[in-house]
Amino acid sequence: MTISKREHGGSTYHLRKRVPARFKNIEHRRHIGISLHTDSWDQAQQKASVAWRQLLAGWEARLAGDTSDAEKRFAAARQLAQARNYRFLPSDQVAALTTIDLSERINIASVTNGNHIDKIEAAAVLGGAIQP
């Protein structure tokens, strides 16, 4: 795990790490770069391990959601929403959220994999997973 500041005079630490081969089918990037939103080395070290664990949890949930078993898909959507710091809500409840909350969820769901919206991610944060 590499924790560093940006080369061009940035003051914020970033985490940079290679994506494990296990997740290559669900994550198109080879390396991940995440801002840790701190200029403190000690805080950056603490945040980096938490951020990496959250990424791994999200990828695991996405892998689990790539199945035809409805119960596993629904559980994976709930886990993925939780990994993104959201509570899973059915789509009708998501639609009733405030504009700000809905906008945040749409932004998360708009993470693209190549040129396509990630359907698993969208189902998790926008309530598209149907409870069996």
# chains A, B, ... in the order shown; residues from 1 in each chain; ligands from 1
>>> closest_atom_pairs(of="range 28-116 of chain A", to="range 5-12 of chain A", cutoff="6 Å", atoms="only C-alpha atoms", output="tab-separated table")
residue	atom	partner	partner_atom	distance
A:His37	CA	A:Thr12	CA	5.9
A:Thr38	CA	A:Thr12	CA	5.3
A:Asp39	CA	A:Thr12	CA	4.7
>>> select_by_dssp(residues="range 8-121 of chain A", states="helix (DSSP H, G or I)", output="NGL selection string")
:A and (21-23 or 41-65 or 70-83 or 91-95 or 99-109 or 119-121)
>>> residues_around(residues="range 69-85 of chain A", least_positions_apart="2", cutoff="7 Å", atoms="only C-alpha atoms", output="VMD selection string")
chain A and resid 54 57 to 58 61 to 62 64 to 65 67 87 to 88 123 to 125 129 to 132
>>> select_by_dssp(residues="range 15-132 of chain A", states="strand (DSSP E)", output="JSON, numbers by chain")
{"A": [15, 16, 17, 18, 31, 32, 33, 34, 35, 112, 113, 116, 117]}
>>> atom_distance(atom1="CA of Tyr13 in chain A", atom2="CA of Arg53 in chain A")
17.4 Å
>>> residues_around(residues="Lys17 in chain A", least_positions_apart="2", cutoff="8 Å", atoms="only C-alpha atoms", output="PyMOL selection string")
chain A and resi 1-2+15+19+31-33
>>> atom_distance(atom1="CA of Arg30 in chain A", atom2="CA of Asp42 in chain A")
26.8 Å
>>> atom_distance(atom1="CA of Gly128 in chain A", atom2="CA of Val94 in chain A")
9.6 Å
>>> closest_residue(among="A:Ile26, A:Leu63, A:Ala21, A:Ala44", to="Ser4 in chain A", atoms="only C-alpha atoms")
A:Ala44
